[in-house]
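With mmCIF, C-alpha atoms inside, this is run18.cif:
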```cif
data_start
#
loop_
_atom_site.group_PDB
_atom_site.id
_atom_site.type_symbol
_atom_site.label_atom_id
_atom_site.label_comp_id
_atom_site.auth_asym_id
_atom_site.auth_seq_id
_atom_site.Cartn_x
_atom_site.Cartn_y
_atom_site.Cartn_z
ATOM 1 C CA MET A 100 11.322 -69.124 47.333
ATOM 2 C CA PRO A 101 9.332 -66.067 48.473
ATOM 3 C CA ALA A 102 6.517 -64.872 46.246
ATOM 4 C CA LEU A 103 6.478 -61.260 45.083
ATOM 5 C CA ILE A 104 2.744 -61.005 45.594
ATOM 6 C CA PRO A 105 1.208 -62.885 48.506
ATOM 7 C CA GLU A 106 -1.006 -65.674 47.268
ATOM 8 C CA ASP A 107 -4.497 -64.569 48.078
ATOM 9 C CA LYS A 108 -7.711 -66.260 47.056
ATOM 10 C CA ASP A 109 -9.187 -62.920 45.980
ATOM 11 C CA PHE A 110 -6.231 -61.859 43.828
ATOM 12 C CA GLN A 111 -6.673 -62.029 40.039
ATOM 13 C CA TYR A 112 -3.677 -61.877 37.706
ATOM 14 C CA LEU A 113 -5.840 -60.836 34.749
ATOM 15 C CA VAL A 114 -8.831 -58.542 35.001
ATOM 16 C CA ARG A 115 -11.107 -58.087 31.974
ATOM 17 C CA ILE A 116 -12.417 -54.561 31.452
ATOM 18 C CA ALA A 117 -13.818 -53.334 28.116
ATOM 19 C CA ASN A 118 -12.728 -56.501 26.273
ATOM 20 C CA THR A 119 -9.114 -55.970 27.353
ATOM 21 C CA ASP A 120 -7.063 -58.090 29.730
ATOM 22 C CA LEU A 121 -5.439 -55.850 32.332
ATOM 23 C CA ASN A 122 -2.430 -56.841 34.432
ATOM 24 C CA GLY A 123 -3.499 -57.506 38.023
ATOM 25 C CA LYS A 124 -0.111 -56.510 39.439
ATOM 26 C CA LYS A 125 -0.359 -52.888 38.259
ATOM 27 C CA PRO A 126 -2.263 -50.038 39.917
ATOM 28 C CA ILE A 127 -5.659 -49.473 38.329
ATOM 29 C CA LEU A 128 -4.653 -46.016 37.047
ATOM 30 C CA LEU A 129 -1.837 -47.498 34.957
ATOM 31 C CA ALA A 130 -3.724 -50.640 33.962
ATOM 32 C CA LEU A 131 -6.657 -48.680 32.523
ATOM 33 C CA GLN A 132 -4.291 -46.918 30.121
ATOM 34 C CA LYS A 133 -3.748 -50.227 28.297
ATOM 35 C CA ILE A 134 -7.282 -49.903 26.888
ATOM 36 C CA LYS A 135 -7.105 -48.234 23.484
ATOM 37 C CA GLY A 136 -8.707 -44.806 23.747
ATOM 38 C CA VAL A 137 -8.086 -44.377 27.496
ATOM 39 C CA GLY A 138 -5.266 -42.060 28.505
ATOM 40 C CA PHE A 139 -3.995 -40.754 31.824
ATOM 41 C CA SER A 140 -6.596 -38.017 32.290
ATOM 42 C CA PHE A 141 -9.508 -40.249 31.346
ATOM 43 C CA ALA A 142 -8.295 -43.073 33.603
ATOM 44 C CA ASN A 143 -7.853 -40.615 36.485
ATOM 45 C CA MET A 144 -11.383 -39.313 35.932
ATOM 46 C CA ILE A 145 -12.812 -42.850 35.925
ATOM 47 C CA CYS A 146 -11.086 -43.673 39.221
ATOM 48 C CA ALA A 147 -12.342 -40.452 40.787
ATOM 49 C CA CYS A 148 -15.940 -40.804 39.567
ATOM 50 C CA THR A 149 -16.305 -44.472 40.496
ATOM 51 C CA GLY A 150 -14.712 -43.995 43.915
ATOM 52 C CA VAL A 151 -11.918 -46.530 43.344
ATOM 53 C CA ASP A 152 -8.494 -45.786 44.812
ATOM 54 C CA LYS A 153 -6.190 -45.226 41.828
ATOM 55 C CA THR A 154 -3.195 -46.764 43.625
ATOM 56 C CA LYS A 155 -5.050 -50.009 44.363
ATOM 57 C CA LYS A 156 -3.698 -53.029 42.509
ATOM 58 C CA THR A 157 -6.007 -54.177 39.741
ATOM 59 C CA GLY A 158 -5.962 -57.780 40.962
ATOM 60 C CA TYR A 159 -7.497 -56.812 44.310
ATOM 61 C CA LEU A 160 -10.575 -55.080 42.828
ATOM 62 C CA SER A 161 -13.926 -56.551 43.817
ATOM 63 C CA LYS A 162 -16.450 -57.655 41.204
ATOM 64 C CA GLU A 163 -18.636 -54.622 41.927
ATOM 65 C CA GLU A 164 -15.706 -52.244 41.390
ATOM 66 C CA ILE A 165 -14.780 -53.991 38.138
ATOM 67 C CA GLU A 166 -18.369 -53.682 36.885
ATOM 68 C CA LYS A 167 -18.494 -49.990 37.865
ATOM 69 C CA ILE A 168 -15.241 -49.275 36.021
ATOM 70 C CA ASP A 169 -16.350 -51.290 32.985
ATOM 71 C CA THR A 170 -19.607 -49.365 32.633
ATOM 72 C CA ALA A 171 -17.761 -46.062 33.181
ATOM 73 C CA VAL A 172 -15.258 -46.844 30.416
ATOM 74 C CA ARG A 173 -17.952 -47.975 27.989
ATOM 75 C CA ASN A 174 -20.428 -45.202 28.826
ATOM 76 C CA PRO A 175 -18.735 -42.127 30.340
ATOM 77 C CA TYR A 176 -21.827 -40.001 29.628
ATOM 78 C CA SER A 177 -23.542 -41.615 32.613
ATOM 79 C CA LEU A 178 -20.937 -40.045 34.926
ATOM 80 C CA HIS A 179 -21.698 -36.495 33.690
ATOM 81 C CA VAL A 180 -18.051 -35.733 32.973
ATOM 82 C CA PRO A 181 -16.946 -32.601 31.111
ATOM 83 C CA THR A 182 -16.888 -33.022 27.350
ATOM 84 C CA TRP A 183 -13.302 -31.822 27.006
ATOM 85 C CA LEU A 184 -12.191 -35.240 28.330
ATOM 86 C CA PHE A 185 -13.753 -37.048 25.360
ATOM 87 C CA ASN A 186 -11.553 -38.040 22.449
ATOM 88 C CA ARG A 187 -14.055 -37.209 19.675
ATOM 89 C CA ARG A 188 -15.712 -33.857 20.154
ATOM 90 C CA LYS A 189 -18.202 -32.523 17.606
ATOM 91 C CA ASP A 190 -18.300 -35.606 15.434
ATOM 92 C CA TYR A 191 -18.317 -34.816 11.710
ATOM 93 C CA GLU A 192 -21.467 -36.811 10.938
ATOM 94 C CA THR A 193 -23.621 -36.286 14.044
ATOM 95 C CA GLY A 194 -22.142 -33.202 15.701
ATOM 96 C CA GLU A 195 -22.192 -34.768 19.169
ATOM 97 C CA ASP A 196 -19.392 -35.301 21.668
ATOM 98 C CA LYS A 197 -18.287 -38.935 21.975
ATOM 99 C CA HIS A 198 -15.613 -41.019 23.628
ATOM 100 C CA LEU A 199 -14.594 -43.972 21.475
ATOM 101 C CA ILE A 200 -12.550 -46.961 22.569
ATOM 102 C CA MET A 201 -11.044 -50.040 20.948
ATOM 103 C CA GLY A 202 -12.449 -50.943 17.490
ATOM 104 C CA GLU A 203 -14.791 -47.966 17.313
ATOM 105 C CA LEU A 204 -11.790 -45.630 17.557
ATOM 106 C CA ASP A 205 -9.932 -47.435 14.756
ATOM 107 C CA PHE A 206 -13.046 -47.443 12.568
ATOM 108 C CA ALA A 207 -13.675 -43.714 13.063
ATOM 109 C CA LYS A 208 -10.029 -42.886 12.345
ATOM 110 C CA SER A 209 -9.984 -44.883 9.108
ATOM 111 C CA ASN A 210 -13.273 -43.267 8.031
ATOM 112 C CA ASP A 211 -11.811 -39.812 8.678
ATOM 113 C CA ILE A 212 -8.756 -40.591 6.542
ATOM 114 C CA ARG A 213 -10.985 -41.978 3.781
ATOM 115 C CA LEU A 214 -13.094 -38.796 3.934
ATOM 116 C CA PHE A 215 -9.978 -36.617 3.579
ATOM 117 C CA GLN A 216 -8.950 -38.607 0.525
ATOM 118 C CA THR A 217 -12.362 -38.422 -1.136
ATOM 119 C CA ILE A 218 -12.698 -34.657 -0.698
ATOM 120 C CA ARG A 219 -9.104 -34.391 -1.958
ATOM 121 C CA CYS A 220 -7.827 -32.076 0.745
ATOM 122 C CA TYR A 221 -4.153 -31.626 1.648
ATOM 123 C CA LYS A 222 -4.291 -34.095 4.529
ATOM 124 C CA GLY A 223 -5.826 -36.654 2.197
ATOM 125 C CA PHE A 224 -3.024 -36.265 -0.340
ATOM 126 C CA ARG A 225 -0.408 -36.637 2.387
ATOM 127 C CA HIS A 226 -2.075 -39.770 3.768
ATOM 128 C CA ALA A 227 -2.352 -41.292 0.293
ATOM 129 C CA ALA A 228 1.338 -40.666 -0.403
ATOM 130 C CA LYS A 229 2.280 -42.051 3.045
ATOM 131 C CA LEU A 230 3.998 -38.805 3.971
ATOM 132 C CA PRO A 231 3.807 -36.918 7.275
ATOM 133 C CA VAL A 232 0.557 -34.989 7.575
ATOM 134 C CA ARG A 233 1.196 -32.442 10.309
ATOM 135 C CA GLY A 234 4.074 -30.418 8.925
ATOM 136 C CA GLN A 235 7.063 -32.540 9.935
ATOM 137 C CA ARG A 236 10.198 -32.267 7.862
ATOM 138 C CA THR A 237 10.816 -34.828 5.155
ATOM 139 C CA ARG A 238 14.398 -34.057 4.256
ATOM 140 C CA SER A 239 15.951 -36.279 6.897
ATOM 141 C CA ASN A 240 13.026 -38.362 8.135
ATOM 142 C CA PHE A 241 10.388 -40.483 6.409
ATOM 143 C CA ARG A 242 12.841 -41.779 3.811
ATOM 144 C CA LYS A 243 11.502 -45.291 3.599
ATOM 145 C CA ASN A 244 11.057 -47.331 0.467
ATOM 146 C CA LYS A 245 9.158 -50.568 1.136
ATOM 147 C CA GLY A 246 10.517 -50.968 4.657
ATOM 148 C CA LYS A 247 14.115 -50.078 3.838
ATOM 149 C CA VAL A 248 15.688 -46.829 4.927
ATOM 150 C CA GLN A 249 16.728 -44.702 1.988
ATOM 151 C CA GLY A 250 19.315 -41.952 2.292
ATOM 152 C CA VAL A 251 20.269 -39.027 0.113
ATOM 153 C CA LYS A 252 21.992 -40.155 -3.087
ATOM 154 C CA LYS A 253 24.337 -37.312 -3.952
ATOM 155 C CA LYS A 254 26.403 -39.392 -6.395
ATOM 156 C CA ALA A 255 23.331 -40.244 -8.435
ATOM 157 C CA ILE A 256 22.474 -36.553 -8.710
ATOM 158 C CA ALA A 257 26.013 -35.510 -9.688
ATOM 159 C CA ALA A 258 26.409 -38.280 -12.331
ATOM 160 C CA PRO A 259 24.142 -36.723 -15.029
ATOM 161 C CA GLU A 260 25.973 -33.399 -14.746
ATOM 162 C CA LYS A 261 29.360 -35.053 -15.298
ATOM 163 C CA ALA A 262 28.002 -37.029 -18.247
ATOM 164 C CA ALA A 263 26.977 -33.771 -19.932
ATOM 165 C CA GLY A 264 30.577 -32.579 -19.702
ATOM 166 C CA GLY A 265 29.901 -29.842 -17.232
ATOM 167 C CA LYS A 266 28.209 -27.687 -19.885
ATOM 168 C CA ALA A 267 24.860 -28.012 -18.181
ATOM 169 C CA SER A 268 26.259 -26.618 -14.969
ATOM 170 C CA ALA A 269 28.132 -23.833 -16.801
ATOM 171 C CA GLY A 270 24.989 -22.816 -18.609
ATOM 172 C CA LYS A 271 23.177 -22.701 -15.308
ATOM 173 C CA ALA A 272 25.844 -20.413 -13.868
ATOM 174 C CA GLY A 273 24.651 -18.060 -16.567
ATOM 175 C CA GLY A 274 25.879 -15.062 -18.383
ATOM 176 C CA LYS A 275 28.601 -14.335 -20.886
ATOM 177 C CA ASP A 276 31.437 -15.282 -18.534
ATOM 178 C CA ALA A 277 30.396 -18.925 -18.309
ATOM 179 C CA GLY A 278 31.269 -19.582 -21.964
ATOM 180 C CA LYS A 279 34.653 -17.805 -21.632
ATOM 181 C CA LYS A 280 35.608 -19.938 -18.629
ATOM 182 C CA ASP A 281 34.952 -23.117 -20.612
ATOM 183 C CA ALA A 282 37.054 -21.814 -23.527
ATOM 184 C CA LYS A 283 40.003 -21.031 -21.225
ATOM 185 C CA LYS A 284 39.898 -24.539 -19.716
ATOM 186 C CA LYS A 285 40.224 -26.164 -23.158
#
```
Represent the structure from my file as structure tokens, please.
Amino acid sequence: MPALIPEDKDFQYLVRIANTDLNGKKPILLALQKIKGVGFSFANMICACTGVDKTKKTGYLSKEEIEKIDTAVRNPYSLHVPTWLFNRRKDYETGEDKHLIMGELDFAKSNDIRLFQTIRCYKGFRHAAKLPVRGQRTRSNFRKNKGKVQGVKKKAIAAPEKAAGGKASAGKAGGKDAGKKDAKKK
């Protein structure tokens, strides 16, 4: 049975960069994107700054290349990259530009949400109510009640009006004619 990848002594099926196991069969550009906080542009920048071919399979990287990439991912400031590539510009507490990965990114995100809730801003209210924060519609989406999808219940809305005998809806129609229409029906 032929092997898909030639068995080579230097090939590694798993490469560890920034506490993440990367697939050795994928090109380094795609494999780096599996690290939380590293997207396409950042991965492309790391490959360009470290001098690693972005189409090279991750399993064929040398130990020196792996160390270069690892330090670049953990400390991109050493590469003198533009700050617009960082994922946390003008941090709320310190005011500096940062690039966070893995647990640091999760921690900063949860702290931001907690801050919104303590200062009681609109985004904080939306997060607390588990509703969409950025202006998405809620009429057809986000109808979940403890994991179950919940639809519009038109029958439940119409039932109280029928129980009132239709007088509530006639009164809402308003005016003098509403009472005359009910009298004609009877």
On this structure, which residues satisfy the PyMOL selection byres ((chain A and resi 128-138) around 10), written as a ChimeraX atom specification?
-> /A:114,116-127,139-146,151-157,168,172,184-186,198-205
Top pick for closest residue to Gly150 in chain A, considering A:Lys108, A:Lys167, A:Arg188, A:Arg213 and counting all atoms listed in the file | A:Lys167
May I ask which of the residues A:Asn240, A:Ser209, A:Arg115, A:Gly194 is the closest one to Asp169 in chain A, counting all atoms listed in the file?
-> A:Arg115
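Here CA of Glu163 in chain A stands at a distance of 14.3 Å from CA of Cys148 in chain A.
Coordinates place CA of Gly158 in chain A at a distance of 7.9 Å from CA of Asp109 in chain A.
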So which residues get picked by the PyMOL selection byres ((chain A and resi 215-231) around 12) here, written as a PyMOL selection string?
-> chain A and resi 191+208-214+232-238+240-245
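Nearest residue to Thr170 in chain A, choosing from A:Thr149, A:Phe206, A:Ala258, A:Arg187 and counting only C-alpha atoms: A:Thr149.
Going from CA of Thr182 in chain A to CA of Lys197 in chain A covers 8.1 Å.
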